[in-house]
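Below: the structure, in structure tokens.
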Amino acid sequence: MCLAIPALIKSIDKNHEAEVDMGGIARRISLRLTPEAEVGDYVIVHTGYAINILDQQEALETLKLFEQLAQAAQEEH
Amino acid sequence: MKFLSEFRDSALAKGVISQIHHRSKMSARFMEFCGGHTVTIFRYGIRQALPETIEMLSGPGCPVCVTATADLDKAIALAQVPDVIIATFGDMLKVPGSFSSLQQTKAEGADVRMVYSTMDAVRMAEENPDKRVVFLGIGFETTAPTIAASVLQAEEKRLENYTVLSLHKLCPPVIKTLLDSGEVRLDGLICPGHVSAVIGSTAWEFVARDYGIPCVVSGFEPLDVLQCVDMLVTQVEGQDSKVEIAYRRGVQPEGNPEALRLMDNVFEHCSAHWRGMGTIPNSGLRLRRTYQRFDADCVFDIDPGPTREPEGCICGAILRGINTPPDCNLFGKACTPVNPVGPCMVSAEGSCSAYYLYEGGNRGG
């Protein structure tokens with residue numbers, strides 16, 4: 001029920017509503033809970049509301065960590 | 001899908017799994033609080049990928065599952081009031097109340113409509129000025145700010161026909177109740193990612209500090225859960241207990257201050273009745289006095305009468321982590337996703353449904 005997925009903000013109107021790209025699907029969501037979100041940000045969307053701005057830097061760092069672990073595991077074998 | 005599919009990469013998963021196997025020496029029992037995590041764990045076969053030292057246990061983090069029968073009966077009774085439209089998230093439709101379900105009531109002529117967002121419910125109220133729209137406010141801290149936003153939106157639009165039946169529940173108090181009961185022993189807690197996106201990881205500090213249980217906030221993709229398990233194992237092996245975040249792209253220690261502000265503006269804490277756990281003080285949200293005109297509990301005088309619990313159903317014990325679905329005599333026989341008896345089989349995030357779909361329904365009794 002707490003399902004939420006990342007979406008890219010394409011445009012924002014004056015009512016704090018945004019047009020987002022959710023994996024190729026265009027949707028209209030509310031930015032009322034993340035008023036500082038900007039065009040180009042990824043937000044985490046739950047039931048039509050962005051509940052947080054996705055930290056892209058952190059995401060990339062986490063993926064880099066996974067890659068290092070995968071490489072280490074491969075070298076072990 | 002960017003920032004989603006990368007976290008499902010099986011080649012990357014191998015590295016984390018290998019590290020977990022390498023690190024884990026002591027046996028440890030971890031609870032995934034959230035039903036969303038239960039689904040990820042089953043769908044991607046995470047239990048099977050983990051070393052035998054690690055036992056995974058599902059917790060009470062499914063809002064549909066923990067909604068008390070009496071509250072469900074109230075929603076069903078509200079649906080029968082003339083000119084009322086019940087707006088609800090789809091998950092609630094099939095959950096059996098004492099004598100009926102919302103879906104059955106709808107089939108009998110009640111106006112029950114499924115919505116994706118509270119924004120749809122507010123629009124419905126605007127478009128149907130001669131009807132009264134009641135939104136079923138089910139959910140944890142992830143959902144509550146969106147319901148608060150809808151109340152504020154209804155106020156701004158001066159709507160007089162929009163109310164919320166607030167059945168919201170809060171996660172930290174139920175974890176405390178579960179731990180205080182002494183019924184389950186835990187060596188680690190997988191904390192809910194999207195609840196924590198709102199309330200912050202600091203909300204779990206009491207678990208690490210007062211109960212000595214390692215806590216890691218996790219995202220919902222398989223790599224997120226594996227990273228979380230790895231971090232819990234590291235704490236267990238190092239005899240540490242602290243709160244960490246394995247979902248740093250989505251969660252900050254302080255949470256989302258604006259969501260918390262809106263929630264606090266509209267709601268106040270109240271006691272709430274949880275299926276399987278009884279009444280827990282300060283574990284629910286009701287609308288503040290200033291917003292009483294949007295509170296379905298104040299606007300409508302509803303008495304659904306005495307409740308009846310389904311005979312033989314052990315959802316309550318499953319939600320407390322003291323039983324697993326195959327322990328139930330009804331599981332896979334009288335109770336299946338097509339004909340669910342208890343809420344844990346109805347909700348896609350319920351443990352019974354996850355066990356049935358991914359482990360096979362013939363393991364019952």
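To be explicit about the labels: the chains of the structure tokens are called A, B, and onward in the order shown, and within each one the residues are counted from 1, while ligands get numbers from 1 in the order they are shown.
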
Per residue of chain B within 6 Å of chain A, note the shortest atom pair and the distance in Å to one decimal, counting only C-alpha atoms, and order the rows by chain and increasing residue number, as JSON lines.
```
{"residue": "B:Met1", "atom": "CA", "partner": "A:Gly23", "partner_atom": "CA", "distance": 4.9}
{"residue": "B:Leu12", "atom": "CA", "partner": "A:Ala70", "partner_atom": "CA", "distance": 5.3}
{"residue": "B:Gly15", "atom": "CA", "partner": "A:Ala70", "partner_atom": "CA", "distance": 3.7}
{"residue": "B:Tyr116", "atom": "CA", "partner": "A:Thr47", "partner_atom": "CA", "distance": 5.9}
{"residue": "B:Ser117", "atom": "CA", "partner": "A:Thr47", "partner_atom": "CA", "distance": 4.8}
{"residue": "B:Arg248", "atom": "CA", "partner": "A:Glu58", "partner_atom": "CA", "distance": 5.9}
{"residue": "B:Arg249", "atom": "CA", "partner": "A:Asp55", "partner_atom": "CA", "distance": 4.5}
{"residue": "B:Gly250", "atom": "CA", "partner": "A:Leu54", "partner_atom": "CA", "distance": 5.3}
{"residue": "B:Glu258", "atom": "CA", "partner": "A:Leu33", "partner_atom": "CA", "distance": 5.7}
{"residue": "B:Ala259", "atom": "CA", "partner": "A:Leu33", "partner_atom": "CA", "distance": 5.1}
```

*asked:* I need the residues in chain A that are helix (DSSP H, G or I) according to DSSP; give them as JSON, numbers by chain.
replied: {"A": [56, 57, 58, 59, 60, 61, 62, 63, 64, 65, 66, 67, 68, 69, 70, 71, 72, 73, 74, 75, 76]}

Those same residues - N, CA and C atoms - I'd like them written as a PDB file, in the first residue's frame.
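Writing done, so here's again-v2.pdb:
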```pdb
ATOM      1  N   GLN A  56      19.580  11.840  -6.586  1.00  0.00           N
ATOM      2  CA  GLN A  56      20.207  11.114  -7.699  1.00  0.00           C
ATOM      3  C   GLN A  56      21.650  10.738  -7.383  1.00  0.00           C
ATOM      4  N   GLN A  57      22.353  11.638  -6.684  1.00  0.00           N
ATOM      5  CA  GLN A  57      23.737  11.389  -6.317  1.00  0.00           C
ATOM      6  C   GLN A  57      23.848  10.140  -5.438  1.00  0.00           C
ATOM      7  N   GLU A  58      22.965  10.069  -4.440  1.00  0.00           N
ATOM      8  CA  GLU A  58      22.963   8.911  -3.533  1.00  0.00           C
ATOM      9  C   GLU A  58      22.652   7.631  -4.305  1.00  0.00           C
ATOM     10  N   ALA A  59      21.712   7.720  -5.253  1.00  0.00           N
ATOM     11  CA  ALA A  59      21.332   6.542  -6.039  1.00  0.00           C
ATOM     12  C   ALA A  59      22.538   6.020  -6.807  1.00  0.00           C
ATOM     13  N   LEU A  60      23.283   6.932  -7.431  1.00  0.00           N
ATOM     14  CA  LEU A  60      24.446   6.530  -8.224  1.00  0.00           C
ATOM     15  C   LEU A  60      25.541   5.947  -7.339  1.00  0.00           C
ATOM     16  N   GLU A  61      25.703   6.533  -6.144  1.00  0.00           N
ATOM     17  CA  GLU A  61      26.724   6.014  -5.225  1.00  0.00           C
ATOM     18  C   GLU A  61      26.369   4.608  -4.750  1.00  0.00           C
ATOM     19  N   THR A  62      25.083   4.380  -4.475  1.00  0.00           N
ATOM     20  CA  THR A  62      24.649   3.042  -4.046  1.00  0.00           C
ATOM     21  C   THR A  62      24.906   2.028  -5.157  1.00  0.00           C
ATOM     22  N   LEU A  63      24.605   2.416  -6.401  1.00  0.00           N
ATOM     23  CA  LEU A  63      24.822   1.501  -7.533  1.00  0.00           C
ATOM     24  C   LEU A  63      26.308   1.195  -7.721  1.00  0.00           C
ATOM     25  N   LYS A  64      27.141   2.230  -7.487  1.00  0.00           N
ATOM     26  CA  LYS A  64      28.593   2.040  -7.615  1.00  0.00           C
ATOM     27  C   LYS A  64      29.067   1.005  -6.582  1.00  0.00           C
ATOM     28  N   LEU A  65      28.508   1.088  -5.395  1.00  0.00           N
ATOM     29  CA  LEU A  65      28.846   0.141  -4.323  1.00  0.00           C
ATOM     30  C   LEU A  65      28.469  -1.281  -4.738  1.00  0.00           C
ATOM     31  N   PHE A  66      27.283  -1.426  -5.324  1.00  0.00           N
ATOM     32  CA  PHE A  66      26.843  -2.756  -5.788  1.00  0.00           C
ATOM     33  C   PHE A  66      27.793  -3.295  -6.860  1.00  0.00           C
ATOM     34  N   GLU A  67      28.218  -2.403  -7.753  1.00  0.00           N
ATOM     35  CA  GLU A  67      29.123  -2.839  -8.821  1.00  0.00           C
ATOM     36  C   GLU A  67      30.446  -3.337  -8.246  1.00  0.00           C
ATOM     37  N   GLN A  68      30.949  -2.623  -7.233  1.00  0.00           N
ATOM     38  CA  GLN A  68      32.209  -3.037  -6.606  1.00  0.00           C
ATOM     39  C   GLN A  68      32.062  -4.406  -5.955  1.00  0.00           C
ATOM     40  N   LEU A  69      30.912  -4.618  -5.278  1.00  0.00           N
ATOM     41  CA  LEU A  69      30.666  -5.899  -4.616  1.00  0.00           C
ATOM     42  C   LEU A  69      30.577  -7.026  -5.645  1.00  0.00           C
ATOM     43  N   ALA A  70      29.886  -6.747  -6.759  1.00  0.00           N
ATOM     44  CA  ALA A  70      29.718  -7.764  -7.801  1.00  0.00           C
ATOM     45  C   ALA A  70      31.069  -8.139  -8.389  1.00  0.00           C
ATOM     46  N   GLN A  71      31.924  -7.114  -8.577  1.00  0.00           N
ATOM     47  CA  GLN A  71      33.254  -7.350  -9.132  1.00  0.00           C
ATOM     48  C   GLN A  71      34.101  -8.186  -8.160  1.00  0.00           C
ATOM     49  N   ALA A  72      34.013  -7.838  -6.890  1.00  0.00           N
ATOM     50  CA  ALA A  72      34.774  -8.566  -5.866  1.00  0.00           C
ATOM     51  C   ALA A  72      34.334 -10.022  -5.818  1.00  0.00           C
ATOM     52  N   ALA A  73      33.013 -10.252  -5.923  1.00  0.00           N
ATOM     53  CA  ALA A  73      32.478 -11.621  -5.873  1.00  0.00           C
ATOM     54  C   ALA A  73      32.960 -12.427  -7.072  1.00  0.00           C
ATOM     55  N   GLN A  74      33.029 -11.744  -8.229  1.00  0.00           N
ATOM     56  CA  GLN A  74      33.451 -12.421  -9.451  1.00  0.00           C
ATOM     57  C   GLN A  74      34.924 -12.825  -9.371  1.00  0.00           C
ATOM     58  N   GLU A  75      35.720 -11.927  -8.801  1.00  0.00           N
ATOM     59  CA  GLU A  75      37.150 -12.197  -8.693  1.00  0.00           C
ATOM     60  C   GLU A  75      37.441 -13.368  -7.762  1.00  0.00           C
ATOM     61  N   GLU A  76      36.547 -13.539  -6.762  1.00  0.00           N
ATOM     62  CA  GLU A  76      36.708 -14.610  -5.792  1.00  0.00           C
ATOM     63  C   GLU A  76      36.550 -15.982  -6.446  1.00  0.00           C
TER      64      GLU A  76
END
```

*Smallest atom-to-atom distance to Ala317 in chain B: which of B:Gly59, B:Gly35, B:Gly200, B:Pro304, using only C-alpha atoms?*
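When distances to Ala317 in chain B are compared using only C-alpha atoms, the smallest one comes from B:Gly59.
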
*Could you tell me, as a PyMOL selection string, which residues of chain A DSSP assigns to strand (DSSP E or B) when given the backbone?*
chain A and resi 5-12+17-22+25-30+42-46+49-53

Expected file: the selected residues, C-alpha atoms, as a CSV table (one decimal), in the first residue's frame:
```csv
chain,number,residue,atom,x,y,z
A,5,ILE,CA,7.8,4.9,-7.7
A,6,PRO,CA,10.3,7.4,-9.2
A,7,ALA,CA,9.1,9.9,-11.8
A,8,LEU,CA,10.8,12.7,-13.7
A,9,ILE,CA,9.3,16.1,-13.5
A,10,LYS,CA,8.7,17.6,-17.0
A,11,SER,CA,6.8,20.7,-16.1
A,12,ILE,CA,5.2,22.5,-13.1
A,17,GLU,CA,0.9,20.3,-9.9
A,18,ALA,CA,3.4,18.6,-12.3
A,19,GLU,CA,3.5,16.7,-15.5
A,20,VAL,CA,5.8,13.7,-14.9
A,21,ASP,CA,7.2,10.9,-16.9
A,22,MET,CA,6.7,7.6,-15.1
A,25,ILE,CA,3.8,7.1,-19.1
A,26,ALA,CA,2.7,10.8,-18.7
A,27,ARG,CA,0.9,11.5,-15.4
A,28,ARG,CA,-0.2,14.5,-13.5
A,29,ILE,CA,0.8,14.6,-9.9
A,30,SER,CA,0.7,17.0,-6.9
A,42,TYR,CA,13.1,12.8,-9.9
A,43,VAL,CA,10.4,12.6,-7.3
A,44,ILE,CA,9.1,9.5,-5.4
A,45,VAL,CA,5.4,9.3,-6.2
A,46,HIS,CA,2.7,7.7,-3.9
A,49,TYR,CA,1.7,12.9,-4.7
A,50,ALA,CA,5.4,13.3,-4.7
A,51,ILE,CA,6.4,12.3,-1.1
A,52,ASN,CA,10.1,13.1,-1.5
A,53,ILE,CA,12.7,14.3,-4.0
```

Please provide as an mmCIF file with C-alpha atoms, in the first residue's frame all residues within 12 Å of Phe294 in chain B, with the sequence filter that same-chain residues fewer than 5 positions apart are discarded (counting only C-alpha atoms).
```cif
data_model
loop_
_atom_site.group_PDB
_atom_site.id
_atom_site.type_symbol
_atom_site.label_atom_id
_atom_site.label_comp_id
_atom_site.auth_asym_id
_atom_site.auth_seq_id
_atom_site.Cartn_x
_atom_site.Cartn_y
_atom_site.Cartn_z
ATOM 1 C CA VAL B 122 -11.864 15.791 -4.184
ATOM 2 C CA ARG B 132 -21.621 13.396 -0.247
ATOM 3 C CA VAL B 133 -18.192 11.918 -0.938
ATOM 4 C CA VAL B 134 -16.581 9.966 1.906
ATOM 5 C CA PHE B 135 -12.944 9.036 1.398
ATOM 6 C CA GLY B 137 -8.565 7.133 4.942
ATOM 7 C CA ILE B 147 -5.150 12.736 2.851
ATOM 8 C CA ALA B 148 -4.256 15.856 4.852
ATOM 9 C CA SER B 150 -6.985 16.591 0.273
ATOM 10 C CA VAL B 151 -8.708 18.071 3.332
ATOM 11 C CA LEU B 152 -6.836 21.339 2.825
ATOM 12 C CA GLN B 153 -7.743 21.276 -0.866
ATOM 13 C CA ALA B 154 -11.422 20.696 -0.020
ATOM 14 C CA GLU B 155 -11.245 23.641 2.404
ATOM 15 C CA ARG B 158 -15.024 25.494 -0.022
ATOM 16 C CA LEU B 159 -16.433 22.010 -0.539
ATOM 17 C CA GLU B 160 -19.151 21.015 1.899
ATOM 18 C CA ASN B 161 -19.615 17.477 0.589
ATOM 19 C CA TYR B 162 -16.155 15.967 1.162
ATOM 20 C CA THR B 163 -15.324 14.024 4.308
ATOM 21 C CA VAL B 164 -12.674 11.530 5.382
ATOM 22 C CA LEU B 165 -13.220 8.433 7.508
ATOM 23 C CA SER B 166 -9.837 8.538 9.188
ATOM 24 C CA VAL B 266 -4.890 18.456 9.897
ATOM 25 C CA PHE B 267 -4.560 15.449 12.217
ATOM 26 C CA ARG B 286 -8.122 11.734 13.715
ATOM 27 C CA LEU B 287 -8.995 15.100 12.232
ATOM 28 C CA ARG B 288 -8.360 18.073 14.489
ATOM 29 C CA ARG B 289 -11.343 19.996 15.864
ATOM 30 C CA VAL B 299 -20.704 14.341 10.166
ATOM 31 C CA PHE B 300 -22.433 10.950 10.018
#
```

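Interatomic distance, CA of Asp111 in chain B against CA of Ala144 in chain B: 23.8 Å.
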
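Each of B:Gln19, B:Pro326, B:Gly342, B:Ala149 was checked against Tyr356 in chain B using only C-alpha atoms; the smallest atom-to-atom distance is that of B:Pro326.
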
*Contacts of range 68-84 of chain B at 9 Å or less, counting only C-alpha atoms, minus same-chain residues fewer than 2 places along, as number ranges by chain?*
B: 64-66, 86, 92, 95-102, 105-106, 109-112, 130-134, 136, 165, 167, 273-276, 278, 296, 300, 302-309

*Just how far from CA of Arg320 in chain B is CA of Met277 in chain B, in Å to one decimal?*
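Distance reported for this atom pair: 7.3 Å.
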
*Name the residues in contact with Lys176 in chain B at a cut-off of 10 Å, using only C-alpha atoms, excluding same-chain residues fewer than 3 positions from it; report them as number ranges by chain.*
B: 171-173, 179-181, 204, 206-207, 210-211, 280
